[in-house]
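Down below is the structure, laid out as structure tokens.
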Amino acid sequence: MALAAIAAPPAGPPDLRVQLRRARVRRRWQFAGLVALLAGAGLAAMMIGPMRIPPRDLGAWAMGRLGFPAEPIGAAERLVIERIRLPRVVLAACIGAALATAGAAFQGLFRNPLADPGLIGVSAAGALGAVGIIVLGHRLTPALPGWAAPFLLPVAAFAGSLAAVLAIYRVSLHEGRPVMATMLLAGVAINALASAATGFLTFLATDQQVRDLTFWLLGSLGAASWPKVALVAPGVLLGLALLPFAARALNALLLGEEEAGHLGFDVWRTKWIVMALAAVMVGLSVAFAGVIGFVGLIVPHAIRLAAGPDHRFLLPASALLGAALLVAADLFARCIVAPAELPIGILTALLGAPFFLWLLLRVKVAWQP
Amino acid sequence: MRSLLLSLLCAGSALAAPQRVVSLGGDLTEIAFALGRGGAIVAVDLTSVYPAEAQKLPRVGYVRALSAEGILAMKPDLILASGDAGPPEVLRQLERAGVPVVTLPKDHTLAGITAKIRAVAGALDAKSAGEKLAGAFDADCRTVEAASHAGRPLAAVFVMARGDGALSAAGSGTAADAMLAAAGLRNVFAGTEGYKPVSAEMLLDLAPAVLVTGTRTVQASGGLDRLKQNPALSLTPAVKADRVLVFDDMYLLGLGPRAARAARELAIAARR
Amino acid sequence: MIDARGIVVERMGRPIVSDVNFRAAAGGITAILGANGAGKSTLLRVLCGDCRPDRGSVRYFGRPLADWRPVELARRRAVVPQSSALNFPFTVAEVVLQGRAPHLERGAPGVDESAAAAALDAVDLARAASRDYTTLSGGERQRVHLARALAQVGLDGGGRCLLLDEPTSSLDLRHQHDVLRVLRRFADSGGCAVVVLHDLNLCMRYADKVVLMHYGRVLGSGDANAILTPDWLGIAYGLRVRRIEAGRDVLFSAG
């Protein structure tokens with residue numbers, strides 16, 4: 001009798017199909033929440049700044065822009081809204097989305113939740129490219145047509161990032177297949193090499209350049225403008241649009257490379273595409289905003305803790321949260337010490353690290369029986 | 001009719017005198033105050049530490065990392081920018097906002113200061129005060145020449161230190177180099193460019209007879225005695241003969257209206 | 001169904017698998033047996049396509065492995081690894097549903113979910129569907145991966161293959177038999193199951209064909225009853241093995 005009572009299975013949980021439907025609904029809400037978060041951050045960033053612009057003016061500007069009749073606003077307010085705040089918010093959103101998505105992609109690819117663009121040397125190599133141009137660029141500029149000069153820095157940073165990814169990939173090839181452990185170690189080596197080369201360039205640099213470098217290496221969105229947005233956005237949007245197509249393959253890669261192959265994925269091609277897209281996104285970010293840490297590490301972590309590691313959700317959700325985080329961080333950077341501003345890299349670390357610790361703490365509690 | 005026009009013109013020029021100036025450069029701020037136009041300055045950069053009134057003004061941050069909106073929020077009608085001011089995007093945005101930006105090209109010589117004074121005076125609509133200040137500055141410069149050409153040129157070095165004891169020396173293209181030259185001293189690091197880290201061996205080899213440094217370096221080193229005990233410095237002829245000259249950083253390196261007086265003081269102190 | 005000929009795998013000039021011919025037929029369970037280092041896992045990796053042999057060829061359904069498009073092969077063949085590197089907090093259901101990847105958007109709505117649910121049920125994990133994979137025990141994880149493979153090729157194996165590397169190594173007695181009964185059903189319905197096993201008793205009871213390996217070569221292959229003899233096993237393991245016949249059951253004991 002007692003034995004029978006033990007052996008009888010407890011009432012089962014709902015059917016798998018119901019469970020999956022519930023999970024889908026929950027994710028839809030989470031996604032909507034992230035969209036709202038980004039919209040809120042963007043709106044706050046448009047409304048708040050060292051220059052006082054009443055919400056009424058912002059509303060009037062938006063109405064006017066949308067073609068509705070609205071009372072005209074002051075030229076200075078208009079300029080701050082259109083030429084200073086809006087490009088800055090858009091650039092922050094682009095770069096936040098790019099860093100977070102690239103982080104999520106690298107983590108999937110390396111099957112390591114710590115594989116941040118910073119960790120595997122992609123950011124450092126991008127920074128090296130940019131520092132090279134800051135220090136030595138004046139020797140190149142006379143040889144170039146005038147219009148090309150402003151492109152020099154972003155192109156060099158992008159080239160650096162891509163070169164790092166290719167080098168890591170090449171080094172880690174073993175019998176035609178990349179080995180993940182070697183890949184991470186190669187990343188560490190590239191990081192050290194790029195940092196050393198950057199250090200050497202710093203030594204060659206003049207005082208003025210060293211101070212530029214310091215600020216640049218801490219990251220800033222202070223020089224945001226529409227032309228910059230026009231250079232960053234296409235590459236970032238390309239990555240954001242194409243990476244989700246690799247989401248299922250990245251999910252399978254988490255099981256292991258061979259397992260992914262057994263599930264019918266072209267592992268080699270997936271890796272190439274993901275690496276190239278992520279490098280484009282990181283390179284563009286480094287080129288236009290310097291080194292902004294933590295976004296690529298924290299954002300995917302937070303999403304995974306809330307919704308699991310499924311890349312079909314993780315990639316777009318990371319883009320949204322990363323964009324919201326960087327827009328918010330830039331808002332703080334502009335306002336805390338106004339009329340001056342803080343380097344945003346300091347702020348992402350200040351905002352990001354405690355948030356990360358809080359998440360860890362929460363998970364620890366949740367795991368206790 | 002004619003007098004009316006004249007008064008209108010006067011009113012026009014009175015209106016044209018900028019009332020809300022953001023000054024981006026310690027030397028420019030100093031000149032503006034020396035011209036008696038300090039009251040028109042509403043915000044300054046981090047290097048504007050002289051005169052004391054300037055320190056009470058809002059700071060728009062480091063001169064290489066400015067924020068367009070932060071500066072515009074001060075509602076300026078003129079921006080005085082040193083050649084260092086940037087990033088260029090921000091200056092462009094400020095210009096596009098309709099704020100006149102007067103950029104003074106970088107010039108690390110005493111001779112350039114006269115032109116700088118005239119340019120700032122022009123921008124601030126204080127021409128006559130500018131002529132007076134420029135004249136006074138030129139007169140100071142002549143006294144420097146008198147003081148600096150006495151005797152043979154002494155070998156000198158300007159060092160800057162961080163708290164951890166690491167030293168940098170001023171090479172060519174720095175304000176310190178210009179001041180040493182003006183004071184008739186031979187900068188032993190003229191062969192290098194900008195501030196470069198120095199080692200004990202290098203300093204011993206170059207054997208400077210005079211060591212010049214700033215008050216901030218002395219503070220960062222934990223006092224003049226501690227600085228002199230720095231292994232890189234303790235064996236130099238300058239420290240052994242106790243020819244260590246400490247100047248206020250902005251006074252010595254500001255390249256403002258006080259630069260000629262500072263150079264003269266340096267020349268005299270070095271030869272005492 | 002699976003046909004490998006003249007397989008040679010060398011590592012640093014030393015042969016690990018030498019000149020192995022291997023056939024696994026549809027409708028049967030083929031077990032690969034042998035001591036540690038005999039080349040069982042390497043042979044299985046060659047059969048999977050994870051390891052390219054230095055010589056020899058592998059064919060599935062008569063077609064060389066290289067001629068299969070990955071997704072095409074994945075629809076007809078699943079592989080269960082001995083252990084997986086997965087350390088991300090997928091739910092059990094998410095892992096099992098990954099087995100449906102090669103079939104997506106091919107079936108009617110709900111097919112994937114039904115296949116996953118049936119597979120979970122078959123390995124006795126229906127109630128763990130929403131659990132975090134990383135909190136499972138080793139044996140539970142092993143069963144999750146079996147369920148993933150079953151979701152991929154189906155519980156009934158007509159025209160399909162299932163390759164498993166020591167699927168029972170972390171399982172308790174009951175689940176060992178559960179797993180082999182799942183394989184039995186897969187084979188009985190026309191599937192081709194290839195399994196690396198260590199347990200002679202399980203092998204005797206469930207395998208239709210046994211391939212006994214020794215130092216990279218096939219010592220003998222054929223009907224389980226014919227191969228699992230004290231003589232053969234004594235050579236393969238370098239140990240005296242007693243075969244105890246108890247009615248219909250045959251048991252093995254070392255020493």
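Just so we're on the same page: first chain in the structure tokens is A, next is B, and so on; residues restart at 1 for each chain, and ligands are numbered from 1 in the order they show up.
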Compute the set of chain A residues within 9 Å of chain B, using only C-alpha atoms, and express it as a PDB file with N, CA and C atoms, in the first residue's frame.
```
ATOM      1  N   GLY A  49      18.847  67.379 -20.752  1.00  0.00           N
ATOM      2  CA  GLY A  49      20.190  67.736 -21.153  1.00  0.00           C
ATOM      3  C   GLY A  49      20.587  69.006 -20.453  1.00  0.00           C
ATOM      4  N   PRO A  50      21.846  69.401 -20.611  1.00  0.00           N
ATOM      5  CA  PRO A  50      22.294  70.634 -19.948  1.00  0.00           C
ATOM      6  C   PRO A  50      21.463  71.831 -20.404  1.00  0.00           C
ATOM      7  N   MET A  51      21.002  71.799 -21.656  1.00  0.00           N
ATOM      8  CA  MET A  51      20.183  72.894 -22.176  1.00  0.00           C
ATOM      9  C   MET A  51      18.745  72.581 -21.820  1.00  0.00           C
ATOM     10  N   ARG A  52      18.059  73.540 -21.201  1.00  0.00           N
ATOM     11  CA  ARG A  52      16.686  73.266 -20.802  1.00  0.00           C
ATOM     12  C   ARG A  52      15.755  73.427 -21.998  1.00  0.00           C
ATOM     13  N   ALA A  75      15.371  78.807 -32.654  1.00  0.00           N
ATOM     14  CA  ALA A  75      16.396  78.206 -33.512  1.00  0.00           C
ATOM     15  C   ALA A  75      17.395  77.399 -32.690  1.00  0.00           C
ATOM     16  N   ALA A  76      17.745  77.912 -31.507  1.00  0.00           N
ATOM     17  CA  ALA A  76      18.746  77.217 -30.685  1.00  0.00           C
ATOM     18  C   ALA A  76      18.185  75.878 -30.227  1.00  0.00           C
ATOM     19  N   LEU A  79      18.122  73.481 -33.037  1.00  0.00           N
ATOM     20  CA  LEU A  79      19.443  72.976 -33.359  1.00  0.00           C
ATOM     21  C   LEU A  79      19.882  71.903 -32.362  1.00  0.00           C
ATOM     22  N   VAL A  80      19.615  72.187 -31.081  1.00  0.00           N
ATOM     23  CA  VAL A  80      20.017  71.206 -30.069  1.00  0.00           C
ATOM     24  C   VAL A  80      19.266  69.895 -30.284  1.00  0.00           C
ATOM     25  N   ARG A  83      20.344  68.613 -34.281  1.00  0.00           N
ATOM     26  CA  ARG A  83      21.730  68.389 -34.676  1.00  0.00           C
ATOM     27  C   ARG A  83      22.580  67.824 -33.561  1.00  0.00           C
ATOM     28  N   ILE A  84      22.131  67.948 -32.341  1.00  0.00           N
ATOM     29  CA  ILE A  84      22.982  67.500 -31.242  1.00  0.00           C
ATOM     30  C   ILE A  84      22.373  66.295 -30.530  1.00  0.00           C
ATOM     31  N   ARG A  85      21.136  66.436 -30.026  1.00  0.00           N
ATOM     32  CA  ARG A  85      20.601  65.326 -29.228  1.00  0.00           C
ATOM     33  C   ARG A  85      20.186  64.147 -30.084  1.00  0.00           C
ATOM     34  N   PHE A 203      53.716  56.104 -26.698  1.00  0.00           N
ATOM     35  CA  PHE A 203      55.031  56.647 -26.404  1.00  0.00           C
ATOM     36  C   PHE A 203      55.495  57.567 -27.522  1.00  0.00           C
ATOM     37  N   ALA A 205      53.583  59.273 -29.347  1.00  0.00           N
ATOM     38  CA  ALA A 205      52.652  60.378 -29.529  1.00  0.00           C
ATOM     39  C   ALA A 205      53.130  61.632 -28.818  1.00  0.00           C
ATOM     40  N   THR A 206      52.650  62.772 -29.309  1.00  0.00           N
ATOM     41  CA  THR A 206      52.897  64.012 -28.579  1.00  0.00           C
ATOM     42  C   THR A 206      51.913  64.049 -27.425  1.00  0.00           C
ATOM     43  N   ASP A 207      52.184  64.998 -26.528  1.00  0.00           N
ATOM     44  CA  ASP A 207      51.323  65.216 -25.376  1.00  0.00           C
ATOM     45  C   ASP A 207      49.858  65.325 -25.701  1.00  0.00           C
ATOM     46  N   GLN A 208      49.650  66.188 -26.711  1.00  0.00           N
ATOM     47  CA  GLN A 208      48.301  66.472 -27.148  1.00  0.00           C
ATOM     48  C   GLN A 208      47.606  65.173 -27.549  1.00  0.00           C
ATOM     49  N   ARG A 211      46.710  62.865 -24.691  1.00  0.00           N
ATOM     50  CA  ARG A 211      45.481  63.243 -23.989  1.00  0.00           C
ATOM     51  C   ARG A 211      44.257  62.898 -24.835  1.00  0.00           C
ATOM     52  N   ASP A 212      44.377  63.060 -26.143  1.00  0.00           N
ATOM     53  CA  ASP A 212      43.278  62.639 -27.036  1.00  0.00           C
ATOM     54  C   ASP A 212      43.021  61.153 -26.878  1.00  0.00           C
ATOM     55  N   PHE A 215      41.178  60.076 -23.706  1.00  0.00           N
ATOM     56  CA  PHE A 215      39.740  60.294 -23.762  1.00  0.00           C
ATOM     57  C   PHE A 215      39.068  59.352 -24.744  1.00  0.00           C
ATOM     58  N   SER A 220      33.481  57.856 -25.991  1.00  0.00           N
ATOM     59  CA  SER A 220      32.656  59.053 -25.932  1.00  0.00           C
ATOM     60  C   SER A 220      31.738  59.124 -27.137  1.00  0.00           C
ATOM     61  N   GLY A 222      30.461  62.170 -27.662  1.00  0.00           N
ATOM     62  CA  GLY A 222      30.371  63.619 -27.698  1.00  0.00           C
ATOM     63  C   GLY A 222      30.399  64.198 -29.094  1.00  0.00           C
ATOM     64  N   ALA A 223      31.056  63.522 -30.018  1.00  0.00           N
ATOM     65  CA  ALA A 223      31.186  64.072 -31.367  1.00  0.00           C
ATOM     66  C   ALA A 223      30.150  63.482 -32.323  1.00  0.00           C
ATOM     67  N   ALA A 224      29.016  63.040 -31.780  1.00  0.00           N
ATOM     68  CA  ALA A 224      27.981  62.451 -32.640  1.00  0.00           C
ATOM     69  C   ALA A 224      27.456  63.476 -33.631  1.00  0.00           C
ATOM     70  N   SER A 225      27.220  63.035 -34.844  1.00  0.00           N
ATOM     71  CA  SER A 225      26.653  63.920 -35.860  1.00  0.00           C
ATOM     72  C   SER A 225      25.952  63.032 -36.876  1.00  0.00           C
ATOM     73  N   ARG A 334      26.080  63.027 -20.096  1.00  0.00           N
ATOM     74  CA  ARG A 334      25.897  64.432 -20.458  1.00  0.00           C
ATOM     75  C   ARG A 334      25.508  65.282 -19.268  1.00  0.00           C
ATOM     76  N   CYS A 335      24.770  64.682 -18.328  1.00  0.00           N
ATOM     77  CA  CYS A 335      24.128  65.500 -17.297  1.00  0.00           C
ATOM     78  C   CYS A 335      24.853  65.568 -15.955  1.00  0.00           C
ATOM     79  N   VAL A 337      27.962  65.977 -14.853  1.00  0.00           N
ATOM     80  CA  VAL A 337      28.905  67.052 -14.573  1.00  0.00           C
ATOM     81  C   VAL A 337      28.696  68.233 -15.524  1.00  0.00           C
ATOM     82  N   ALA A 338      27.455  68.418 -16.031  1.00  0.00           N
ATOM     83  CA  ALA A 338      27.162  69.481 -16.992  1.00  0.00           C
ATOM     84  C   ALA A 338      27.622  70.814 -16.419  1.00  0.00           C
ATOM     85  N   PRO A 339      28.110  71.731 -17.264  1.00  0.00           N
ATOM     86  CA  PRO A 339      28.152  71.661 -18.728  1.00  0.00           C
ATOM     87  C   PRO A 339      29.284  70.802 -19.310  1.00  0.00           C
ATOM     88  N   ALA A 340      30.107  70.191 -18.471  1.00  0.00           N
ATOM     89  CA  ALA A 340      31.108  69.277 -19.026  1.00  0.00           C
ATOM     90  C   ALA A 340      30.461  67.902 -19.146  1.00  0.00           C
ATOM     91  N   GLU A 341      31.198  66.900 -19.638  1.00  0.00           N
ATOM     92  CA  GLU A 341      30.628  65.555 -19.641  1.00  0.00           C
ATOM     93  C   GLU A 341      31.672  64.483 -19.362  1.00  0.00           C
ATOM     94  N   LEU A 342      31.175  63.347 -18.890  1.00  0.00           N
ATOM     95  CA  LEU A 342      32.055  62.239 -18.523  1.00  0.00           C
ATOM     96  C   LEU A 342      32.262  61.330 -19.731  1.00  0.00           C
ATOM     97  N   PRO A 343      33.421  60.658 -19.804  1.00  0.00           N
ATOM     98  CA  PRO A 343      33.565  59.619 -20.827  1.00  0.00           C
ATOM     99  C   PRO A 343      32.555  58.499 -20.558  1.00  0.00           C
TER     100      PRO A 343
END
```
Name the residues in contact with range 30-40 of chain B at a cut-off of 9 Å, using only C-alpha atoms, excluding same-chain residues fewer than 4 positions from it; report them as an MDAnalysis selection string. chainID B and resid 18:23 25:26 48:51 53:54 116:117 120:121 124 126 129:130 132:133 254 256:258
Skip Thr213 in chain B itself and residues of its chain fewer than 5 positions away, then list as a list in words all residues within 6 Å of it, counting only C-alpha atoms. Phe158, Val159 and Val246 of chain B
May I have the residues within 8 Å of range 78-90 of chain C as number ranges by chain, using only C-alpha atoms and disregarding those fewer than 5 positions away in the same chain? A: 111, 254-256, 259, 262-263, 304, 308-310; C: 48, 95, 132-134, 142, 145-146, 149-150, 152-153, 161-167, 169
So which residues touch Leu204 in chain B within 12 Å, counting only C-alpha atoms, skipping near sequence neighbours fewer than 5 positions away, as JSON, numbers by chain? {"B": [157, 188, 198, 199, 209, 231, 232, 233, 234, 235, 236, 237, 238, 239, 240]}
At a cut-off of 10 Å, list the chain A residues touching chain C, using only C-alpha atoms, as a PyMOL selection string. chain A and resi 9-20+23+108+111-113+248-249+251-267+304-305+307-310+367
Can you tell me which residues surround range 31-39 of chain C at a distance of at most 7 Å, considering only C-alpha atoms, apart from same-chain residues fewer than 2 positions away, and format the answer as a ChimeraX atom specification? /C:16-17,29,41-43,194-198,203,207,209-216,236-237
Can you write out the residues you just picked, keeping N, CA and C atoms, as a PDB file, in the first residue's frame?
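again_38.pdb, written as the output of this step:
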```pdb
ATOM      1  N   ILE C  16      45.200   3.746 -35.053  1.00  0.00           N
ATOM      2  CA  ILE C  16      44.227   3.635 -33.965  1.00  0.00           C
ATOM      3  C   ILE C  16      43.112   2.703 -34.413  1.00  0.00           C
ATOM      4  N   VAL C  17      42.792   2.838 -35.692  1.00  0.00           N
ATOM      5  CA  VAL C  17      41.841   1.906 -36.299  1.00  0.00           C
ATOM      6  C   VAL C  17      42.519   1.409 -37.567  1.00  0.00           C
ATOM      7  N   ILE C  29      20.061  -3.856 -33.836  1.00  0.00           N
ATOM      8  CA  ILE C  29      20.963  -3.089 -32.980  1.00  0.00           C
ATOM      9  C   ILE C  29      22.351  -3.684 -33.151  1.00  0.00           C
ATOM     10  N   SER C  41      35.373   4.197 -29.927  1.00  0.00           N
ATOM     11  CA  SER C  41      34.850   5.558 -30.099  1.00  0.00           C
ATOM     12  C   SER C  41      35.369   6.180 -31.385  1.00  0.00           C
ATOM     13  N   THR C  42      36.639   5.892 -31.726  1.00  0.00           N
ATOM     14  CA  THR C  42      37.182   6.427 -32.975  1.00  0.00           C
ATOM     15  C   THR C  42      36.394   5.891 -34.159  1.00  0.00           C
ATOM     16  N   LEU C  43      36.093   4.590 -34.113  1.00  0.00           N
ATOM     17  CA  LEU C  43      35.315   4.011 -35.206  1.00  0.00           C
ATOM     18  C   LEU C  43      33.946   4.694 -35.293  1.00  0.00           C
ATOM     19  N   VAL C 194      23.308   1.862 -33.980  1.00  0.00           N
ATOM     20  CA  VAL C 194      24.695   1.473 -33.715  1.00  0.00           C
ATOM     21  C   VAL C 194      25.050   2.047 -32.357  1.00  0.00           C
ATOM     22  N   VAL C 195      25.548   1.179 -31.467  1.00  0.00           N
ATOM     23  CA  VAL C 195      25.769   1.653 -30.115  1.00  0.00           C
ATOM     24  C   VAL C 195      27.089   1.109 -29.567  1.00  0.00           C
ATOM     25  N   VAL C 196      27.876   2.020 -29.015  1.00  0.00           N
ATOM     26  CA  VAL C 196      29.088   1.592 -28.310  1.00  0.00           C
ATOM     27  C   VAL C 196      28.665   1.248 -26.894  1.00  0.00           C
ATOM     28  N   LEU C 197      28.985   0.031 -26.452  1.00  0.00           N
ATOM     29  CA  LEU C 197      28.533  -0.430 -25.136  1.00  0.00           C
ATOM     30  C   LEU C 197      29.704  -0.999 -24.352  1.00  0.00           C
ATOM     31  N   HIS C 198      29.558  -0.949 -23.042  1.00  0.00           N
ATOM     32  CA  HIS C 198      30.561  -1.594 -22.196  1.00  0.00           C
ATOM     33  C   HIS C 198      29.978  -2.787 -21.475  1.00  0.00           C
ATOM     34  N   CYS C 203      24.451  -6.022 -23.626  1.00  0.00           N
ATOM     35  CA  CYS C 203      24.789  -6.337 -24.993  1.00  0.00           C
ATOM     36  C   CYS C 203      24.172  -7.689 -25.394  1.00  0.00           C
ATOM     37  N   ALA C 207      21.538  -6.661 -28.121  1.00  0.00           N
ATOM     38  CA  ALA C 207      22.185  -6.474 -29.429  1.00  0.00           C
ATOM     39  C   ALA C 207      21.882  -7.630 -30.370  1.00  0.00           C
ATOM     40  N   LYS C 209      23.691  -7.765 -33.270  1.00  0.00           N
ATOM     41  CA  LYS C 209      24.992  -8.052 -33.850  1.00  0.00           C
ATOM     42  C   LYS C 209      26.043  -7.384 -32.973  1.00  0.00           C
ATOM     43  N   VAL C 210      27.157  -8.049 -32.804  1.00  0.00           N
ATOM     44  CA  VAL C 210      28.219  -7.490 -31.974  1.00  0.00           C
ATOM     45  C   VAL C 210      29.487  -7.385 -32.812  1.00  0.00           C
ATOM     46  N   VAL C 211      30.145  -6.226 -32.716  1.00  0.00           N
ATOM     47  CA  VAL C 211      31.463  -6.054 -33.339  1.00  0.00           C
ATOM     48  C   VAL C 211      32.449  -5.898 -32.199  1.00  0.00           C
ATOM     49  N   LEU C 212      33.317  -6.894 -32.055  1.00  0.00           N
ATOM     50  CA  LEU C 212      34.254  -6.890 -30.936  1.00  0.00           C
ATOM     51  C   LEU C 212      35.593  -6.359 -31.414  1.00  0.00           C
ATOM     52  N   MET C 213      36.071  -5.277 -30.816  1.00  0.00           N
ATOM     53  CA  MET C 213      37.309  -4.646 -31.294  1.00  0.00           C
ATOM     54  C   MET C 213      38.462  -4.909 -30.338  1.00  0.00           C
ATOM     55  N   HIS C 214      39.644  -4.974 -30.928  1.00  0.00           N
ATOM     56  CA  HIS C 214      40.842  -5.254 -30.155  1.00  0.00           C
ATOM     57  C   HIS C 214      42.011  -4.577 -30.847  1.00  0.00           C
ATOM     58  N   TYR C 215      42.682  -3.660 -30.165  1.00  0.00           N
ATOM     59  CA  TYR C 215      43.806  -2.927 -30.741  1.00  0.00           C
ATOM     60  C   TYR C 215      43.519  -2.391 -32.144  1.00  0.00           C
ATOM     61  N   GLY C 216      42.402  -1.746 -32.298  1.00  0.00           N
ATOM     62  CA  GLY C 216      42.104  -1.079 -33.556  1.00  0.00           C
ATOM     63  C   GLY C 216      41.634  -1.991 -34.670  1.00  0.00           C
ATOM     64  N   ALA C 236      39.860 -10.167 -25.973  1.00  0.00           N
ATOM     65  CA  ALA C 236      39.518  -8.748 -26.105  1.00  0.00           C
ATOM     66  C   ALA C 236      39.860  -7.965 -24.841  1.00  0.00           C
ATOM     67  N   TYR C 237      39.596  -8.561 -23.678  1.00  0.00           N
ATOM     68  CA  TYR C 237      39.788  -7.800 -22.437  1.00  0.00           C
ATOM     69  C   TYR C 237      41.023  -8.230 -21.666  1.00  0.00           C
TER      70      TYR C 237
END
```
Write out as a ChimeraX atom specification all residues of range 79-298 of chain A that DSSP puts in helix (DSSP H, G or I) for this structure's backbone. /A:79-109,122-143,146-172,180-204,207-218,226-255,257-262,267-289,295-298
Any chance you could list, as a ChimeraX atom specification, the residues in range 19-230 of chain A that come up strand (DSSP E) when DSSP is run on the backbone? /A:173-174,177-178
Surrounding residues of Ile134 in chain A excluding itself and chain neighbours under 5 positions, 8 Å, only C-alpha atoms, as a list in words: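 Near Ile134 in chain A, the qualifying residues are Leu153, Gln209 and Leu213 of chain A.
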